Amino acid sequence: MSVRPQPRPGVMQIDAYVPGKSKAAGGAKIHKLSSNETPLGPSPKAMEAIRTFDHLELYPDGAATRLREAIAARYGLDPNRIICGAGSDELLALITHAYVGPGDEGLFTEHGFLVYRIAILAAGGTPVVAPEKDLRTDVDAILAKVTDRTKIVFLANPNNPTGTYIPFDEVKRLHANLLPHVVLVLDAAYAEYVRRNDYEAGLELVATSENVVMTRTFSKIYGLANLRLGWMVAPAHITDAVNRIRGPFNVSGPAMAAGIAAIQDEAHIARAIEHNERWLAWLAKEIEALGLKVTPSVGNFLLVHFPQEAGRTAKEADAFLSSRGLILRQVEAYGLPDALRLTVGDEEANGLVVAALRDFLGGKHA
Ligand SMILES: *Cc1c(COP(=O)(O)O)cnc(C)c1O
């Protein structure tokens with residue numbers, strides 16, 4: 001056998017992340033409801049910032065100073081505690097690389113976001129999965145999995161793909177019972193959408209502890225997924241470590257300019273929240289009325305459960321919906337083979353999904 005380069009242990013155990021589909025068979029108009037993108041698009045002010053961006057020949061500000069200042073002003077934070085990244089995915093990977101190596105364990109929940117497993121394996125660590133209860137994070141189950149080797153715990157709150165959340169009291173209880181050498185990452189990608197009095201993204205915990213990091217994204221409610229922009233806030237010793245391994249120019253100038261405009265356009269975000277509140281409730285009610293189970297969600301997406309009966313399975317539903325140009329997300333890779341994840345779309349797409357599900361369950365052919 002010829003000798004050739006071998007990846008580090010762990011790398012070949014990774015199943016590469018499969019993004020939501022964006023194409024369907026046939027010629028139907030496509031409604032992409034598979035990646036939790038916003039149907040409202042980005043703020044027009046963010047679009048204008050990109051259109052008027054000049055000087056692509058110059059390197060961007062590697063410290064993302066103006067964007068960090070805009071984020072800090074919006075949330076009342078110290079800009080020195082913020083790091084910006086090419087999507088929060090990059091930041092999740094950087095935090096993991098800074099704290100996890102061979103022999104270390106990284107923890108996340110049963111149906112947690114797939115990027116955590118990839119980041120832990122890529123860093124040479126061992127992924128450890130804590131069971132959930134009714135598709136919801138179970139703090140005691142996470143605590144039961146913590147060992148001396150645990151270096152990081154990821155909590156998506158709300159979680160993707162389940163759409164469930166745990167109240168801030170529970171997050172604080174998790175933190176209070178964690179060993180102090182463990183980094184707790186609060187991934188709050190959908191925080192802006194949550195309308196619950198007992199929910200908090202976790203800024204208070206970041207400010208008052210030495211081991212909590214919060215990550216946020218411009219990909220979801222801000223509608224800038226294509227630009228790749230996210231940020232994290234952390235104690236100073238963690239930002240110091242992460243900044244040492246961060247690429248020096250990891251965020252582009254157009255992304256920063258759009259991010260600054262987007263975070264200042266509160267009216268656009270208010271519209272997105274209002275749209276989601278209305279249509280999330282409508283979709284849940286209509287789909288349940290068809291006899292399908294829906295997991296209560298606080299995000300901009302819904303997990304829809306299908307029976308294991310021939311002709312009515314999630315796989316068959318996916319094929320049927322696709323033939324009508326309605327692209328949902330299969331979530332088998334998340335351990336949910338009988339469900340599909342549906343992103344809240346615009347009025348037209350939402351209506352088409354409910355009508356298509358009605359026809360599917362009624363035995364109609366596409
Ligand atoms: C979409 C999503 C992200 C954001 O990823 P980006 O890299 O910022 O686009 C992070 N965490 C979860 C749970 C998500 O669903």
# chains A, B, ... in the order shown; residues from 1 in each chain; ligands from 1

$ residues_around --residues "Leu91 in chain A" --least-positions-apart "5" --cutoff "10 Å" --atoms "only C-alpha atoms" --output "PyMOL selection string"
chain A and resi 83-86+96-97+215-216+229-232+242+246

$ write_last_selection --atoms "N, CA, C and O atoms" --output "mmCIF file, in the first residue's frame"
data_model
loop_
_atom_site.group_PDB
_atom_site.id
_atom_site.type_symbol
_atom_site.label_atom_id
_atom_site.label_comp_id
_atom_site.auth_asym_id
_atom_site.auth_seq_id
_atom_site.Cartn_x
_atom_site.Cartn_y
_atom_site.Cartn_z
ATOM 1 N N ILE A 83 -16.160 39.002 19.932
ATOM 2 C CA ILE A 83 -15.380 38.588 18.756
ATOM 3 C C ILE A 83 -16.370 38.314 17.634
ATOM 4 O O ILE A 83 -17.412 37.695 17.853
ATOM 5 N N CYS A 84 -16.032 38.791 16.432
ATOM 6 C CA CYS A 84 -16.887 38.527 15.277
ATOM 7 C C CYS A 84 -16.297 37.396 14.460
ATOM 8 O O CYS A 84 -15.086 37.160 14.471
ATOM 9 N N GLY A 85 -17.162 36.677 13.758
ATOM 10 C CA GLY A 85 -16.690 35.537 12.977
ATOM 11 C C GLY A 85 -17.439 35.389 11.672
ATOM 12 O O GLY A 85 -18.459 36.051 11.449
ATOM 13 N N ALA A 86 -16.928 34.510 10.808
ATOM 14 C CA ALA A 86 -17.571 34.193 9.541
ATOM 15 C C ALA A 86 -18.709 33.217 9.837
ATOM 16 O O ALA A 86 -18.600 32.012 9.649
ATOM 17 N N THR A 96 -14.004 25.629 20.324
ATOM 18 C CA THR A 96 -13.703 24.210 20.552
ATOM 19 C C THR A 96 -12.215 23.950 20.379
ATOM 20 O O THR A 96 -11.588 23.274 21.209
ATOM 21 N N HIS A 97 -11.627 24.484 19.310
ATOM 22 C CA HIS A 97 -10.187 24.266 19.070
ATOM 23 C C HIS A 97 -9.341 24.852 20.192
ATOM 24 O O HIS A 97 -8.271 24.342 20.492
ATOM 25 N N THR A 215 -22.958 32.717 21.782
ATOM 26 C CA THR A 215 -22.763 32.980 20.355
ATOM 27 C C THR A 215 -24.086 33.456 19.748
ATOM 28 O O THR A 215 -25.159 33.021 20.142
ATOM 29 N N ARG A 216 -23.968 34.375 18.787
ATOM 30 C CA ARG A 216 -25.137 34.925 18.085
ATOM 31 C C ARG A 216 -24.836 34.957 16.588
ATOM 32 O O ARG A 216 -23.679 34.898 16.184
ATOM 33 N N LEU A 229 -21.790 35.866 8.950
ATOM 34 C CA LEU A 229 -21.467 36.808 10.022
ATOM 35 C C LEU A 229 -22.108 36.364 11.333
ATOM 36 O O LEU A 229 -23.304 36.086 11.393
ATOM 37 N N GLY A 230 -21.278 36.283 12.350
ATOM 38 C CA GLY A 230 -21.762 35.951 13.691
ATOM 39 C C GLY A 230 -20.884 36.636 14.716
ATOM 40 O O GLY A 230 -19.886 37.270 14.368
ATOM 41 N N TRP A 231 -21.271 36.552 15.991
ATOM 42 C CA TRP A 231 -20.430 37.138 17.037
ATOM 43 C C TRP A 231 -20.560 36.333 18.310
ATOM 44 O O TRP A 231 -21.507 35.549 18.481
ATOM 45 N N MET A 232 -19.587 36.485 19.184
ATOM 46 C CA MET A 232 -19.632 35.848 20.487
ATOM 47 C C MET A 232 -19.236 36.869 21.540
ATOM 48 O O MET A 232 -18.556 37.851 21.245
ATOM 49 N N VAL A 242 -9.261 32.817 22.151
ATOM 50 C CA VAL A 242 -9.868 32.617 20.826
ATOM 51 C C VAL A 242 -9.235 33.558 19.805
ATOM 52 O O VAL A 242 -8.982 33.172 18.652
ATOM 53 N N ARG A 246 -7.764 32.795 15.904
ATOM 54 C CA ARG A 246 -8.664 33.306 14.864
ATOM 55 C C ARG A 246 -7.862 33.770 13.650
ATOM 56 O O ARG A 246 -6.777 34.327 13.794
#

$ residues_around --residues "range 29-36 of chain A" --least-positions-apart "4" --cutoff "8 Å" --atoms "only C-alpha atoms" --output "count of residues only"
21

$ residues_near_ligand --ligand "ligand 1" --cutoff "8 Å" --atoms "only C-alpha atoms and all ligand atoms" --output "JSON, numbers by chain"
{"A": [35, 36, 86, 87, 88, 89, 90, 112, 113, 115, 156, 157, 158, 159, 160, 161, 187, 188, 189, 190, 215, 216, 217, 218, 219, 220, 225, 228, 229, 230]}

$ closest_atom_pairs --of "range 91-196 of chain A" --to "range 264-275 of chain A" --cutoff "10 Å" --atoms "only C-alpha atoms" --output "tab-separated table"
residue	atom	partner	partner_atom	distance
A:Glu192	CA	A:Ile273	CA	7.5
A:Tyr193	CA	A:Ile273	CA	5.8
A:Val194	CA	A:Ile273	CA	8.6
A:Arg195	CA	A:Ile273	CA	8.9

$ write_last_selection --atoms "C-alpha atoms" --output "compact mmCIF listing (two decimals), in the first residue's frame"
# COMPACT_ATOMS: atom_id res chain seq x y z
CA GLU A 192 -34.58 37.23 18.72
CA TYR A 193 -37.59 35.09 17.81
CA VAL A 194 -38.38 33.87 21.33
CA ARG A 195 -41.52 35.37 22.95

$ residues_around --residues "range 54-64 of chain A" --least-positions-apart "5" --cutoff "9 Å" --atoms "only C-alpha atoms" --output "PyMOL selection string"
chain A and resi 69+83-84+247-254+256

$ residues_around --residues "Ile82 in chain A" --least-positions-apart "2" --cutoff "8 Å" --atoms "only C-alpha atoms" --output "PDB file with N, CA, C and O atoms, in the first residue's frame"
ATOM      1  N   ARG A  68     -18.069  45.588  16.260  1.00  0.00           N
ATOM      2  CA  ARG A  68     -18.107  45.240  17.689  1.00  0.00           C
ATOM      3  C   ARG A  68     -18.713  46.386  18.494  1.00  0.00           C
ATOM      4  O   ARG A  68     -19.473  46.178  19.435  1.00  0.00           O
ATOM      5  N   ALA A  72     -21.988  46.152  20.708  1.00  0.00           N
ATOM      6  CA  ALA A  72     -21.863  46.516  22.125  1.00  0.00           C
ATOM      7  C   ALA A  72     -22.899  47.584  22.496  1.00  0.00           C
ATOM      8  O   ALA A  72     -23.529  47.512  23.559  1.00  0.00           O
ATOM      9  N   ASP A  78     -19.342  45.400  26.725  1.00  0.00           N
ATOM     10  CA  ASP A  78     -17.989  45.905  26.524  1.00  0.00           C
ATOM     11  C   ASP A  78     -17.487  45.353  25.182  1.00  0.00           C
ATOM     12  O   ASP A  78     -17.394  44.141  25.018  1.00  0.00           O
ATOM     13  N   PRO A  79     -17.167  46.243  24.221  1.00  0.00           N
ATOM     14  CA  PRO A  79     -16.744  45.736  22.895  1.00  0.00           C
ATOM     15  C   PRO A  79     -15.518  44.823  22.965  1.00  0.00           C
ATOM     16  O   PRO A  79     -15.325  43.981  22.085  1.00  0.00           O
ATOM     17  N   ASN A  80     -14.710  44.996  24.017  1.00  0.00           N
ATOM     18  CA  ASN A  80     -13.520  44.140  24.135  1.00  0.00           C
ATOM     19  C   ASN A  80     -13.857  42.675  24.433  1.00  0.00           C
ATOM     20  O   ASN A  80     -13.000  41.807  24.325  1.00  0.00           O
ATOM     21  N   CYS A  84     -16.032  38.791  16.432  1.00  0.00           N
ATOM     22  CA  CYS A  84     -16.887  38.527  15.277  1.00  0.00           C
ATOM     23  C   CYS A  84     -16.297  37.396  14.460  1.00  0.00           C
ATOM     24  O   CYS A  84     -15.086  37.160  14.471  1.00  0.00           O
ATOM     25  N   TRP A 231     -21.271  36.552  15.991  1.00  0.00           N
ATOM     26  CA  TRP A 231     -20.430  37.138  17.037  1.00  0.00           C
ATOM     27  C   TRP A 231     -20.560  36.333  18.310  1.00  0.00           C
ATOM     28  O   TRP A 231     -21.507  35.549  18.481  1.00  0.00           O
ATOM     29  N   MET A 232     -19.587  36.485  19.184  1.00  0.00           N
ATOM     30  CA  MET A 232     -19.632  35.848  20.487  1.00  0.00           C
ATOM     31  C   MET A 232     -19.236  36.869  21.540  1.00  0.00           C
ATOM     32  O   MET A 232     -18.556  37.851  21.245  1.00  0.00           O
ATOM     33  N   VAL A 233     -19.720  36.645  22.750  1.00  0.00           N
ATOM     34  CA  VAL A 233     -19.300  37.466  23.878  1.00  0.00           C
ATOM     35  C   VAL A 233     -18.853  36.506  24.972  1.00  0.00           C
ATOM     36  O   VAL A 233     -19.463  35.459  25.177  1.00  0.00           O
ATOM     37  N   ALA A 234     -17.748  36.860  25.633  1.00  0.00           N
ATOM     38  CA  ALA A 234     -17.134  35.918  26.573  1.00  0.00           C
ATOM     39  C   ALA A 234     -16.300  36.684  27.596  1.00  0.00           C
ATOM     40  O   ALA A 234     -15.974  37.861  27.394  1.00  0.00           O
ATOM     41  N   THR A 239     -11.838  35.429  25.326  1.00  0.00           N
ATOM     42  CA  THR A 239     -11.639  36.161  24.064  1.00  0.00           C
ATOM     43  C   THR A 239     -10.145  36.224  23.739  1.00  0.00           C
ATOM     44  O   THR A 239      -9.751  36.128  22.576  1.00  0.00           O
TER      45      THR A 239
END

$ select_by_dssp --residues "range 54-261 of chain A" --states "strand (DSSP E)" --output "VMD selection string"
chain A and resid 82 to 85 105 to 109 126 to 130 150 to 156 183 to 187 212 to 217 230 to 233

$ residues_around --residues "Gly291 in chain A" --least-positions-apart "4" --cutoff "10 Å" --atoms "only C-alpha atoms" --output "ChimeraX atom specification"
/A:286-287,305-307,358,361

$ write_last_selection --atoms "C-alpha atoms" --output "PDB file, in the first residue's frame"
ATOM      1  CA  GLU A 286     -53.292  24.097  10.797  1.00  0.00           C
ATOM      2  CA  ILE A 287     -50.854  21.185  10.722  1.00  0.00           C
ATOM      3  CA  HIS A 305     -43.889  14.366  13.011  1.00  0.00           C
ATOM      4  CA  PHE A 306     -45.234  11.747  10.618  1.00  0.00           C
ATOM      5  CA  PRO A 307     -46.608   8.244  11.296  1.00  0.00           C
ATOM      6  CA  ARG A 358     -53.671  18.007   3.386  1.00  0.00           C
ATOM      7  CA  LEU A 361     -52.532  12.808   3.965  1.00  0.00           C
TER       8      LEU A 361
END

$ closest_residue --among "A:Asp240, A:Asp359, A:Glu288, A:Val298" --to "Phe320 in chain A" --atoms "only C-alpha atoms"
A:Asp359

$ atom_distance --atom1 "CA of Asp140 in chain A" --atom2 "CA of Val100 in chain A"
22.7 Å

$ select_by_dssp --residues "range 130-308 of chain A" --states "alpha helix (DSSP H)" --output "VMD selection string"
chain A and resid 139 to 145 168 to 176 203 to 207 236 to 245 253 to 264 266 to 289
